[in-house]
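Undergrad: What follows is input19.txt, compact mmCIF, C-alpha atoms.
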```txt
# COMPACT_ATOMS: atom_id res chain seq x y z
CA MET A 267 0.00 0.00 0.00
CA SER A 268 1.16 3.52 -0.83
CA LYS A 269 -0.12 6.80 0.57
CA VAL A 270 -1.62 8.83 -2.26
CA LEU A 271 -2.63 12.49 -2.29
CA VAL A 272 -5.10 13.68 -4.91
CA ILE A 273 -5.28 17.46 -5.30
CA GLY A 274 -8.60 18.51 -6.82
CA GLY A 275 -12.07 17.06 -6.35
CA GLY A 276 -13.39 17.39 -9.87
CA ALA A 277 -14.05 14.65 -12.42
CA ALA A 278 -10.41 13.60 -12.93
CA GLY A 279 -9.54 13.88 -9.24
CA MET A 280 -12.47 11.83 -7.97
CA PHE A 281 -11.92 9.20 -10.63
CA ALA A 282 -8.21 8.97 -9.85
CA ALA A 283 -8.99 8.67 -6.12
CA ILE A 284 -11.51 5.88 -6.70
CA THR A 285 -9.13 4.01 -9.00
CA ALA A 286 -6.18 4.28 -6.61
CA ALA A 287 -8.36 3.20 -3.66
CA ARG A 288 -9.76 0.25 -5.60
CA ASN A 289 -6.15 -0.78 -6.20
CA GLY A 290 -5.58 -0.91 -2.46
CA HIS A 291 -3.86 2.41 -1.79
CA GLU A 292 -4.54 4.75 1.12
CA VAL A 293 -5.99 7.84 -0.55
CA CYS A 294 -6.56 11.38 0.68
CA LEU A 295 -8.37 13.81 -1.63
CA LEU A 296 -7.88 17.55 -1.05
CA GLU A 297 -10.46 20.01 -2.36
CA LYS A 298 -10.37 23.75 -1.69
CA ASN A 299 -14.11 24.23 -2.31
CA GLU A 300 -16.90 23.49 0.14
CA LYS A 301 -18.03 20.51 -1.96
CA LEU A 302 -16.80 18.15 -4.65
CA GLY A 303 -17.53 18.35 -8.37
CA LYS A 304 -18.54 22.01 -8.67
CA LYS A 305 -17.63 22.21 -12.35
CA LEU A 306 -18.98 18.72 -13.02
CA PHE A 307 -22.30 19.91 -11.58
CA ILE A 308 -22.78 22.48 -14.37
CA THR A 309 -21.53 20.40 -17.32
CA GLY A 310 -24.02 19.60 -20.04
CA LYS A 311 -26.22 22.44 -18.74
CA GLY A 312 -26.52 20.57 -15.47
CA ARG A 313 -27.31 17.24 -17.13
CA CYS A 314 -23.68 16.00 -17.17
CA ASN A 315 -22.69 14.70 -20.60
CA ILE A 316 -20.44 12.00 -19.12
CA THR A 317 -18.94 10.70 -22.37
CA ASN A 318 -19.65 10.03 -26.04
CA ALA A 319 -20.64 6.60 -27.33
CA CYS A 320 -18.77 7.04 -30.62
CA ASP A 321 -16.14 4.72 -32.10
CA MET A 322 -12.47 5.19 -31.21
CA ASP A 323 -11.59 6.96 -34.45
CA THR A 324 -14.23 9.63 -33.76
CA LEU A 325 -13.05 9.87 -30.16
CA PHE A 326 -9.50 10.66 -31.22
CA SER A 327 -10.54 13.01 -34.03
CA SER A 328 -12.61 15.02 -31.53
CA VAL A 329 -9.49 15.84 -29.49
CA ILE A 330 -8.00 19.13 -30.68
CA SER A 331 -4.66 19.19 -28.81
CA ASN A 332 -2.24 16.26 -28.47
CA SER A 333 -4.64 13.45 -29.36
CA ARG A 334 -1.76 10.96 -29.84
CA PHE A 335 -0.79 11.40 -26.20
CA LEU A 336 -4.16 9.90 -25.24
CA TYR A 337 -3.72 6.64 -27.18
CA SER A 338 -2.78 4.53 -24.15
CA SER A 339 -5.25 6.12 -21.73
CA PHE A 340 -8.22 6.06 -24.13
CA TYR A 341 -7.66 2.39 -24.91
CA GLY A 342 -6.82 1.72 -21.25
CA TYR A 343 -10.17 3.12 -20.14
CA THR A 344 -12.67 3.51 -22.96
CA ASN A 345 -15.97 5.34 -23.27
CA GLN A 346 -17.75 1.99 -22.85
CA ASP A 347 -15.80 1.43 -19.63
CA VAL A 348 -17.09 4.79 -18.37
CA ILE A 349 -20.69 3.87 -19.12
CA GLU A 350 -20.27 0.51 -17.34
CA PHE A 351 -18.59 2.22 -14.37
CA PHE A 352 -21.49 4.60 -13.72
CA GLU A 353 -24.15 1.99 -14.36
CA GLY A 354 -22.30 -0.23 -11.89
CA LEU A 355 -22.64 2.55 -9.33
CA GLY A 356 -26.39 2.72 -9.91
CA VAL A 357 -26.44 5.57 -12.44
CA PRO A 358 -28.27 4.30 -15.57
CA THR A 359 -27.34 6.13 -18.76
CA LYS A 360 -28.93 7.04 -22.09
CA THR A 361 -27.43 7.99 -25.44
CA GLU A 362 -28.78 11.00 -27.31
CA ARG A 363 -28.12 12.78 -30.60
CA GLY A 364 -24.49 12.87 -31.61
CA GLY A 365 -23.60 9.98 -29.30
CA ARG A 366 -23.85 12.14 -26.18
CA VAL A 367 -24.25 10.01 -23.05
CA PHE A 368 -26.21 11.36 -20.06
CA PRO A 369 -27.55 9.91 -16.82
CA VAL A 370 -31.18 8.85 -17.37
CA SER A 371 -32.17 11.25 -14.58
CA ASP A 372 -30.63 14.24 -16.41
CA HIS A 373 -29.10 15.26 -13.07
CA SER A 374 -25.35 15.81 -12.76
CA SER A 375 -25.81 15.59 -8.99
CA ASP A 376 -26.50 11.85 -9.39
CA VAL A 377 -23.09 11.38 -11.03
CA ILE A 378 -21.32 13.29 -8.26
CA ARG A 379 -23.28 11.55 -5.50
CA ALA A 380 -22.44 8.11 -6.90
CA MET A 381 -18.72 8.92 -6.92
CA GLU A 382 -18.87 10.35 -3.40
CA LYS A 383 -20.61 7.20 -2.18
CA GLU A 384 -17.98 5.01 -3.83
CA MET A 385 -15.15 7.00 -2.27
CA LYS A 386 -16.80 6.63 1.11
CA ARG A 387 -17.10 2.87 0.59
CA LEU A 388 -13.41 2.72 -0.33
CA LYS A 389 -12.48 4.79 2.73
CA VAL A 390 -10.99 7.65 0.69
CA LYS A 391 -10.35 10.49 3.11
CA VAL A 392 -11.89 13.68 1.67
CA ARG A 393 -10.78 17.02 3.05
CA LEU A 394 -12.91 19.96 1.87
CA HIS A 395 -12.00 23.63 2.38
CA THR A 396 -8.37 22.47 2.01
CA GLU A 397 -6.18 24.52 -0.30
CA VAL A 398 -2.72 23.34 -1.32
CA VAL A 399 -0.34 26.27 -1.65
CA ARG A 400 2.56 24.32 -3.13
CA ILE A 401 4.07 20.88 -3.50
CA SER A 402 7.71 19.92 -3.11
CA ALA A 403 10.04 17.21 -4.31
CA ARG A 404 13.26 15.80 -2.89
CA ASN A 405 15.93 13.90 -4.81
CA GLY A 406 13.75 13.84 -7.93
CA SER A 407 10.70 12.38 -6.17
CA PHE A 408 7.49 13.86 -4.81
CA CYS A 409 7.80 14.60 -1.12
CA GLN A 410 4.90 16.55 0.35
CA ALA A 411 2.06 19.02 -0.14
CA HIS A 412 2.09 22.29 1.79
CA LEU A 413 -1.15 23.71 3.22
CA PRO A 414 -1.81 27.18 4.66
CA GLY A 415 -0.58 27.57 8.24
CA GLY A 416 2.47 25.41 7.69
CA GLU A 417 0.76 21.99 7.64
CA LYS A 418 2.61 19.46 5.48
CA LEU A 419 1.16 16.25 4.10
CA LYS A 420 3.70 13.58 3.15
CA ALA A 421 2.80 10.85 0.68
CA ASP A 422 4.35 8.33 -1.68
CA ALA A 423 2.53 9.78 -4.69
CA CYS A 424 0.55 12.87 -5.65
CA ILE A 425 -2.01 13.23 -8.43
CA VAL A 426 -2.58 16.84 -9.52
CA ALA A 427 -6.12 17.18 -10.92
CA THR A 428 -6.80 20.85 -10.31
CA GLY A 429 -8.35 21.70 -13.68
CA GLY A 430 -7.43 24.68 -15.82
CA LEU A 431 -8.60 28.30 -15.78
CA SER A 432 -12.14 28.02 -17.14
CA TYR A 433 -15.11 28.82 -14.89
CA PRO A 434 -12.87 30.20 -12.11
CA THR A 435 -15.89 30.46 -9.78
CA THR A 436 -15.79 26.66 -9.56
CA GLY A 437 -12.23 26.80 -8.21
CA SER A 438 -10.31 26.40 -11.47
CA THR A 439 -7.74 29.12 -10.93
CA GLY A 440 -4.60 27.55 -12.38
CA ASP A 441 -3.16 26.19 -9.12
CA GLY A 442 -1.91 23.04 -10.82
CA PHE A 443 0.02 25.06 -13.37
CA CYS A 444 1.92 26.72 -10.53
CA PHE A 445 2.65 23.34 -8.92
CA ALA A 446 3.94 22.01 -12.23
CA VAL A 447 6.22 24.97 -12.89
CA GLU A 448 7.65 24.81 -9.36
CA CYS A 449 8.57 21.19 -10.04
CA GLY A 450 10.36 22.08 -13.27
CA HIS A 451 7.55 21.46 -15.77
CA THR A 452 6.63 23.57 -18.76
CA VAL A 453 3.10 24.96 -18.99
CA THR A 454 2.15 25.76 -22.58
CA PRO A 455 0.40 29.11 -23.28
CA CYS A 456 -3.20 29.01 -22.03
CA MET A 457 -6.33 30.52 -23.52
CA PRO A 458 -10.10 30.07 -23.23
CA ALA A 459 -11.49 27.26 -25.42
CA LEU A 460 -15.01 26.18 -26.32
CA VAL A 461 -15.98 29.77 -25.76
CA PRO A 462 -18.28 32.34 -27.44
CA MET A 463 -16.77 35.01 -29.70
CA GLU A 464 -17.15 38.77 -29.95
CA VAL A 465 -18.03 40.64 -33.15
CA ARG A 466 -17.49 44.19 -34.42
CA GLU A 467 -20.75 44.93 -36.28
CA SER A 468 -23.45 46.72 -34.28
CA TRP A 469 -26.26 45.20 -36.38
CA ALA A 470 -25.18 41.74 -35.23
CA LEU A 471 -25.41 42.81 -31.59
CA GLY A 472 -28.96 43.97 -32.30
CA LEU A 473 -29.88 40.36 -33.10
CA MET A 474 -29.34 39.29 -29.49
CA GLY A 475 -31.34 36.17 -28.67
CA LEU A 476 -31.81 35.06 -32.28
CA SER A 477 -31.01 31.38 -32.82
CA LEU A 478 -30.26 30.18 -36.34
CA LYS A 479 -30.74 26.46 -36.99
CA ASN A 480 -29.56 24.44 -39.99
CA VAL A 481 -27.07 27.05 -41.16
CA SER A 482 -23.52 26.61 -42.36
CA VAL A 483 -20.72 28.79 -41.02
CA SER A 484 -17.23 29.31 -42.39
CA ILE A 485 -14.41 31.26 -40.76
CA PHE A 486 -11.66 32.81 -42.86
CA GLN A 487 -8.25 34.35 -42.27
CA GLY A 488 -7.91 36.37 -45.44
CA LYS A 489 -8.68 33.87 -48.22
CA LYS A 490 -7.79 30.85 -46.09
CA ARG A 491 -10.75 28.97 -44.67
CA LEU A 492 -10.00 27.84 -41.12
CA TYR A 493 -13.31 26.22 -40.23
CA GLN A 494 -16.58 25.12 -41.81
CA GLU A 495 -19.49 23.30 -40.21
CA PHE A 496 -23.28 22.92 -40.31
CA GLY A 497 -25.59 23.28 -37.33
CA GLU A 498 -26.95 25.87 -34.91
CA MET A 499 -25.66 29.25 -33.71
CA LEU A 500 -26.88 32.06 -31.48
CA PHE A 501 -26.54 35.85 -31.48
CA THR A 502 -25.75 37.46 -28.10
CA HIS A 503 -25.32 40.95 -26.66
CA TYR A 504 -21.56 40.74 -27.37
CA GLY A 505 -21.42 38.60 -30.50
CA VAL A 506 -22.04 34.95 -31.37
CA SER A 507 -22.37 31.69 -29.49
CA GLY A 508 -24.17 28.34 -29.82
CA PRO A 509 -22.80 24.89 -30.75
CA LEU A 510 -21.25 25.90 -34.09
CA ILE A 511 -19.41 28.89 -32.65
CA ILE A 512 -18.32 27.12 -29.45
CA SER A 513 -16.75 24.32 -31.50
CA ALA A 514 -15.21 26.79 -33.95
CA SER A 515 -13.41 28.58 -31.12
CA SER A 516 -11.23 25.53 -30.50
CA TYR A 517 -10.04 25.60 -34.11
CA VAL A 518 -9.65 29.35 -34.67
CA GLY A 519 -9.24 30.82 -31.18
CA GLN A 520 -5.48 31.10 -31.39
CA LYS A 521 -5.76 33.04 -34.66
CA LEU A 522 -8.06 35.57 -32.95
CA LEU A 523 -5.32 36.68 -30.58
CA GLY A 524 -4.27 40.04 -31.99
CA GLN A 525 -6.21 39.94 -35.27
CA GLU A 526 -9.73 39.74 -36.67
CA LEU A 527 -11.28 36.90 -38.66
CA ARG A 528 -14.21 36.78 -41.08
CA LEU A 529 -17.31 34.76 -40.26
CA GLU A 530 -19.57 33.90 -43.19
CA ILE A 531 -23.03 32.44 -42.54
CA ASP A 532 -24.88 30.54 -45.24
CA LEU A 533 -28.51 31.00 -44.24
CA LYS A 534 -29.76 28.52 -46.86
CA PRO A 535 -27.05 25.84 -47.15
CA ALA A 536 -29.40 23.28 -48.75
CA LEU A 537 -29.70 25.47 -51.86
CA SER A 538 -27.10 26.54 -54.40
CA GLU A 539 -27.07 30.22 -55.38
CA GLU A 540 -28.92 29.29 -58.60
CA GLN A 541 -31.59 27.33 -56.69
CA LEU A 542 -31.89 30.10 -54.12
CA ASP A 543 -32.30 32.67 -56.89
CA GLN A 544 -35.23 30.65 -58.25
CA ARG A 545 -36.73 30.54 -54.75
CA VAL A 546 -36.36 34.31 -54.34
CA LEU A 547 -37.88 34.85 -57.79
CA ARG A 548 -40.94 32.81 -56.78
CA ASP A 549 -41.29 34.81 -53.56
CA PHE A 550 -40.94 38.06 -55.48
CA GLU A 551 -43.57 36.91 -57.99
CA GLU A 552 -46.01 36.19 -55.17
CA ASN A 553 -45.35 39.65 -53.70
CA ARG A 554 -44.75 41.60 -56.91
CA ASN A 555 -46.85 44.60 -55.86
CA ARG A 556 -45.56 44.74 -52.28
CA GLN A 557 -42.64 46.73 -50.90
CA PHE A 558 -39.33 44.87 -50.65
CA LYS A 559 -39.32 45.12 -46.84
CA ASN A 560 -42.70 43.32 -46.71
CA SER A 561 -41.88 40.50 -49.14
CA LEU A 562 -39.38 38.40 -47.16
CA GLY A 563 -41.52 36.78 -44.47
CA LYS A 564 -40.96 33.25 -45.80
CA LEU A 565 -37.19 33.61 -46.09
CA PHE A 566 -36.02 34.69 -42.63
CA PRO A 567 -36.98 34.80 -38.97
CA SER A 568 -38.77 38.08 -38.21
CA LYS A 569 -35.89 39.38 -36.10
CA LEU A 570 -33.53 39.05 -39.07
CA LEU A 571 -35.76 40.72 -41.67
CA SER A 572 -34.80 44.36 -41.10
CA VAL A 573 -31.09 43.53 -40.96
CA MET A 574 -31.20 41.65 -44.28
CA VAL A 575 -33.13 44.52 -45.88
CA GLU A 576 -30.58 47.03 -44.61
CA LEU A 577 -27.56 44.99 -45.70
CA SER A 578 -29.04 44.31 -49.13
CA GLY A 579 -28.69 47.95 -50.16
CA ILE A 580 -32.11 47.75 -51.78
CA ASP A 581 -34.53 50.57 -50.93
CA PRO A 582 -36.92 48.98 -48.41
CA GLU A 583 -39.85 50.94 -49.92
CA LYS A 584 -39.10 49.72 -53.45
CA LYS A 585 -41.78 47.60 -55.10
CA VAL A 586 -40.61 44.06 -55.71
CA ASN A 587 -41.56 44.18 -59.40
CA VAL A 588 -39.00 46.90 -60.11
CA ILE A 589 -36.04 45.31 -58.32
CA SER A 590 -33.32 44.72 -60.91
CA LYS A 591 -31.70 41.36 -61.65
CA GLU A 592 -28.38 42.68 -60.33
CA GLU A 593 -29.99 43.76 -57.07
CA ARG A 594 -31.67 40.37 -56.73
CA LEU A 595 -28.48 38.40 -57.40
CA ASN A 596 -26.57 40.53 -54.90
CA PHE A 597 -29.30 39.81 -52.37
CA VAL A 598 -29.03 36.06 -53.05
CA HIS A 599 -25.27 36.28 -52.53
CA LEU A 600 -25.84 38.07 -49.21
CA ILE A 601 -28.11 35.24 -48.03
CA LYS A 602 -25.38 32.72 -48.83
CA HIS A 603 -22.55 34.86 -47.43
CA LEU A 604 -23.82 36.92 -44.48
CA THR A 605 -20.50 38.29 -43.24
CA ILE A 606 -19.51 39.31 -39.71
CA THR A 607 -16.14 40.34 -38.28
CA LEU A 608 -14.93 38.20 -35.35
CA SER A 609 -12.94 40.48 -33.06
CA GLY A 610 -12.03 38.30 -30.08
CA LEU A 611 -12.82 35.53 -27.61
CA ARG A 612 -14.86 35.83 -24.44
CA ASP A 613 -13.02 35.28 -21.17
CA TYR A 614 -12.41 32.19 -19.00
CA ASP A 615 -15.59 32.72 -17.01
CA GLU A 616 -17.55 31.75 -20.15
CA ALA A 617 -15.14 29.12 -21.47
CA ILE A 618 -16.05 25.45 -21.10
CA ILE A 619 -12.40 24.41 -20.99
CA THR A 620 -8.84 25.74 -21.09
CA ARG A 621 -6.53 25.25 -24.03
CA GLY A 622 -2.92 24.74 -22.93
CA GLY A 623 -1.50 23.29 -19.74
CA VAL A 624 1.22 20.96 -18.51
CA LYS A 625 3.31 19.96 -21.51
CA THR A 626 2.42 16.41 -22.48
CA LYS A 627 5.97 15.60 -23.64
CA GLU A 628 7.00 15.87 -19.98
CA VAL A 629 4.41 13.29 -18.86
CA GLU A 630 4.38 9.52 -19.46
CA PRO A 631 1.31 8.85 -21.66
CA GLY A 632 0.65 5.39 -20.26
CA THR A 633 0.75 6.34 -16.58
CA MET A 634 0.36 10.15 -16.39
CA GLU A 635 3.49 10.22 -14.22
CA SER A 636 5.85 13.16 -14.56
CA LYS A 637 9.04 12.40 -16.46
CA LEU A 638 10.80 14.92 -14.23
CA VAL A 639 9.52 14.07 -10.74
CA LYS A 640 8.93 10.48 -9.68
CA GLY A 641 5.63 9.93 -7.86
CA LEU A 642 4.02 13.08 -9.33
CA TYR A 643 1.06 12.51 -11.67
CA PHE A 644 -1.24 14.78 -13.66
CA ALA A 645 -4.83 14.13 -14.77
CA GLY A 646 -7.60 16.01 -16.56
CA GLU A 647 -7.71 19.61 -17.73
CA VAL A 648 -4.45 20.58 -16.02
CA LEU A 649 -2.75 18.81 -18.96
CA ASP A 650 -2.39 20.40 -22.40
CA LEU A 651 -5.39 18.48 -23.75
CA ASP A 652 -8.69 19.79 -25.07
CA ALA A 653 -11.50 18.42 -27.20
CA LEU A 654 -14.81 19.37 -28.77
CA THR A 655 -18.10 19.43 -26.89
CA GLY A 656 -20.11 16.23 -26.69
CA GLY A 657 -18.63 14.40 -23.71
CA PHE A 658 -15.09 14.23 -25.07
CA ASN A 659 -13.46 16.43 -22.44
CA LEU A 660 -14.97 14.39 -19.62
CA GLN A 661 -13.69 11.25 -21.33
CA ILE A 662 -10.21 12.79 -21.13
CA ALA A 663 -10.76 13.35 -17.40
CA TRP A 664 -11.92 9.78 -16.74
CA SER A 665 -9.23 8.13 -18.88
CA THR A 666 -6.30 10.17 -17.54
CA GLY A 667 -7.63 9.90 -13.98
CA TYR A 668 -7.84 6.14 -14.35
CA ALA A 669 -4.34 5.94 -15.87
CA ALA A 670 -2.87 7.92 -12.96
CA GLY A 671 -4.79 6.09 -10.24
CA SER A 672 -4.01 2.65 -11.61
CA SER A 673 -0.28 3.26 -12.18
CA ILE A 674 0.88 4.04 -8.65
CA PRO A 675 3.28 1.34 -7.39
CA PHE A 676 2.93 -0.34 -4.01
CA ASN A 677 5.40 0.38 -1.25
CA GLU A 678 6.22 -2.60 0.94
```
Is it possible to give me this structure as structure tokens?

TA:
Amino acid sequence: MSKVLVIGGGAAGMFAAITAARNGHEVCLLEKNEKLGKKLFITGKGRCNITNACDMDTLFSSVISNSRFLYSSFYGYTNQDVIEFFEGLGVPTKTERGGRVFPVSDHSSDVIRAMEKEMKRLKVKVRLHTEVVRISARNGSFCQAHLPGGEKLKADACIVATGGLSYPTTGSTGDGFCFAVECGHTVTPCMPALVPMEVRESWALGLMGLSLKNVSVSIFQGKKRLYQEFGEMLFTHYGVSGPLIISASSYVGQKLLGQELRLEIDLKPALSEEQLDQRVLRDFEENRNRQFKNSLGKLFPSKLLSVMVELSGIDPEKKVNVISKEERLNFVHLIKHLTITLSGLRDYDEAIITRGGVKTKEVEPGTMESKLVKGLYFAGEVLDLDALTGGFNLQIAWSTGYAAGSSIPFNE
């Protein structure tokens, strides 16, 4: 049996603690908040999207940063293993659109409660309201964790699962990055990921609350297309959000640091420009004696109508039957290429995850043990790993937590 400290009571920390305890170690979990799983509680809009039931190829392709590093841990503890784990703890699951797996109850609290109950059964000592101020090593091995007031906790191994910088109100304030640097590790540059984006145009801000479904968005840097996807997006008081935009931020976020990008929305992606022109012609024919501003009710949501009229450059009072072919074709092009300037990312308090973290080249991929400090392990978002939405980031937490918890050697 070895004495194991786990710093951080989120998804990765609790999973690592359970795994280490199941392997017969004496485990103490330290959490600075008043309760465990604060960030886990709000994931999936409070429903807790615990994993994704996709195949392994999709799992790996959904990881944005350092997917190869996860080869051993993903195969060592798969998405199916996660589902079986929670069902074994009395949390039945269901699979929804896109392979997203949720507890049948739709309550993240059930996931947290099941893990707390299992830790109690395994006699994991949980210390809440316990902040670690630093950790120290001696002769290349982990030695102890230092608490406020001078208390020191010695252990044979330490698993750092403190999260990143996203949602700082849940306790993710970058503590683990400081621990890593103090022990000689590199922390790659960090930035918000899976985060809404800000825009420059005032007309876009006026669309606050408008949700666009079944649209296609493309993001360009000059002539280079960085991202293209089909789905749903949302206009907000600062810019754009929704599933399409959140996912896009992981691909283009780094490019937005210090420069602007171009977002193009195809409002009618099922139609080519020629087909859309025929559709517009039919609408115009039905409304030939009406003003342009009153002829578009079938094309757009009501909130978007005045914006499209304004951007078209066509006189809103103009009768439809005198709109020129050139004006109509320009209008069709606008519908297929509604363009907005992306000016920046929102901050960490709106980011689902953090991009960047402890450099994966300094961590053993099969065990999550530091290559620099024996007995020091990392798990979850503290590592330079991030993925798309859909349960993939929690799968990273479970798999790396399991790898760390199951790799700690026994001391005689």

Undergrad: If I take CA of Ala423 (chain A) and CA of Lys627 (chain A), how far is one from the other in Å, to one decimal?

TA: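 These atoms are spaced 20.1 Å apart.
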
Undergrad: Taking into account all atoms listed in the file, which residue in the set A:Thr452, A:Met267, A:Ser432, A:Gly364 is nearest to Asn289 (chain A)?

TA: A:Met267

Undergrad: Give the answer as one residue: which of A:Ala653, A:Val518, A:Ala380, A:Leu660 has the shortest atom-to-atom distance to Ser327 (chain A), using all atoms listed in the file?

TA: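 Of the candidates, the smallest distance to Ser327 (chain A) is held by A:Ala653.
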
Undergrad: What's the separation between CA of Trp469 (chain A) and CA of Asn587 (chain A), in Å to one decimal place?

TA: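 That distance, rounded to one decimal, is 27.7 Å.
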
Undergrad: Could you tell me which of A:Gly303, A:Pro582, A:Leu533, A:Asp543 comes closest to Asn596 (chain A) if we count all atoms listed in the file?

TA: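 Of A:Gly303, A:Pro582, A:Leu533, A:Asp543, the one nearest Asn596 (chain A) is A:Asp543, counting all atoms listed in the file.
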
Undergrad: Which distance in Å separates CA of Phe443 (chain A) and CA of Ala287 (chain A), to one decimal?

TA: 25.3 Å

Undergrad: Tell me, as a PyMOL selection string, which residues lie within 9 Å of Leu431 (chain A), counting all atoms listed in the file; anything in the same chain fewer than 6 positions away does not count.

TA: chain A and resi 437-441+456-458+614-615+617+619-620+647-648

Undergrad: Restricting the calculation to all atoms listed in the file, which member of A:Ser590, A:Asn555, A:Asn345, A:Thr633 is positioned closest to Tyr668 (chain A)?

TA: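 Closest to Tyr668 (chain A) of all the choices is A:Thr633.
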
Undergrad: Residues around (-7.0, 17.6, -2.1), cut-off 7 Å, counting all atoms listed in the file - what are they as a PyMOL selection string?

TA: chain A and resi 271-275+294-297+393+396

Undergrad: Just the residues within 9 Å of Leu571 (chain A), please, counting only C-alpha atoms, with nothing from its chain fewer than 5 positions along; format it as number ranges by chain.

TA: A: 559-560, 562-563, 565-566, 576

Undergrad: From the list A:Ile316, A:Met280, A:Val377, A:Val329, which residue is nearest Val392 (chain A) when using all atoms listed in the file?

TA: A:Met280

Undergrad: Do you know which residues lie at most 12 Å from (13.9, 15.4, -1.9), with coordinates as in the file and all atoms listed in the file counted, and could you write them as a PyMOL selection string?

TA: chain A and resi 401-410+420+422+449+639-641

Undergrad: Could the centre and edge lengths of an axis-aligned box, enclosing all atoms of region 598-605 of chain A in the file with 4 Å extra on each side, be given in Å to one decimal as JSON?

TA:
```
{"center_x": -24.8, "center_y": 35.5, "center_z": -48.1, "size_x": 16.5, "size_y": 13.6, "size_z": 17.8}
```

Undergrad: Tell me, as an mmCIF file with C-alpha atoms, in the coordinates of the input, which residues lie within 12 Å of Phe335 (chain A), counting only C-alpha atoms; anything in the same chain fewer than 5 positions away does not count.

TA:
```
data_model
loop_
_atom_site.group_PDB
_atom_site.id
_atom_site.type_symbol
_atom_site.label_atom_id
_atom_site.label_comp_id
_atom_site.auth_asym_id
_atom_site.auth_seq_id
_atom_site.Cartn_x
_atom_site.Cartn_y
_atom_site.Cartn_z
ATOM 1 C CA PHE A 326 -9.500 10.660 -31.220
ATOM 2 C CA VAL A 329 -9.490 15.840 -29.490
ATOM 3 C CA ILE A 330 -8.000 19.130 -30.680
ATOM 4 C CA PHE A 340 -8.220 6.060 -24.130
ATOM 5 C CA TYR A 341 -7.660 2.390 -24.910
ATOM 6 C CA LYS A 625 3.310 19.960 -21.510
ATOM 7 C CA THR A 626 2.420 16.410 -22.480
ATOM 8 C CA LYS A 627 5.970 15.600 -23.640
ATOM 9 C CA GLU A 628 7.000 15.870 -19.980
ATOM 10 C CA VAL A 629 4.410 13.290 -18.860
ATOM 11 C CA GLU A 630 4.380 9.520 -19.460
ATOM 12 C CA PRO A 631 1.310 8.850 -21.660
ATOM 13 C CA GLY A 632 0.650 5.390 -20.260
ATOM 14 C CA THR A 633 0.750 6.340 -16.580
ATOM 15 C CA MET A 634 0.360 10.150 -16.390
ATOM 16 C CA LEU A 649 -2.750 18.810 -18.960
ATOM 17 C CA ASP A 650 -2.390 20.400 -22.400
ATOM 18 C CA LEU A 651 -5.390 18.480 -23.750
ATOM 19 C CA ASP A 652 -8.690 19.790 -25.070
ATOM 20 C CA ILE A 662 -10.210 12.790 -21.130
ATOM 21 C CA SER A 665 -9.230 8.130 -18.880
ATOM 22 C CA THR A 666 -6.300 10.170 -17.540
#
```

Undergrad: List as a list in words the protein and nucleic acid residues near Leu478 (chain A), meaning an atom at most 10 Å away when only C-alpha atoms are counted, but skip any in the same chain fewer than 4 places from it.

TA: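 Everything that qualifies: Ser482, Gly497, Glu498, Met499, Leu500, Phe501, Gly508, Ile531, Leu533, Phe566, Pro567 and Leu570 of chain A.
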
Undergrad: So which one's closest to Gly365 (chain A), A:Leu302, A:Ile485, A:Met385, A:Ala319? Using only C-alpha atoms, please.

TA: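 Among the listed residues, A:Ala319 lies closest to Gly365 (chain A).
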
Undergrad: For region 486-527 of chain A versus region 600-613 of chain A, which residues have an atom no more than 8 Å away, and what is each residue's nearest atom pair and distance in Å rounded to one decimal, using only C-alpha atoms, chain-then-number order, as a Markdown table?

TA:
```
| residue | atom | partner | partner_atom | distance |
| --- | --- | --- | --- | --- |
| A:Ser515 | CA | A:Leu611 | CA | 7.8 |
| A:Gly519 | CA | A:Leu611 | CA | 6.9 |
| A:Leu522 | CA | A:Gly610 | CA | 5.6 |
| A:Leu523 | CA | A:Gly610 | CA | 6.9 |
| A:Gln525 | CA | A:Ser609 | CA | 7.1 |
| A:Glu526 | CA | A:Ser609 | CA | 4.9 |
| A:Leu527 | CA | A:Leu608 | CA | 5.1 |
```
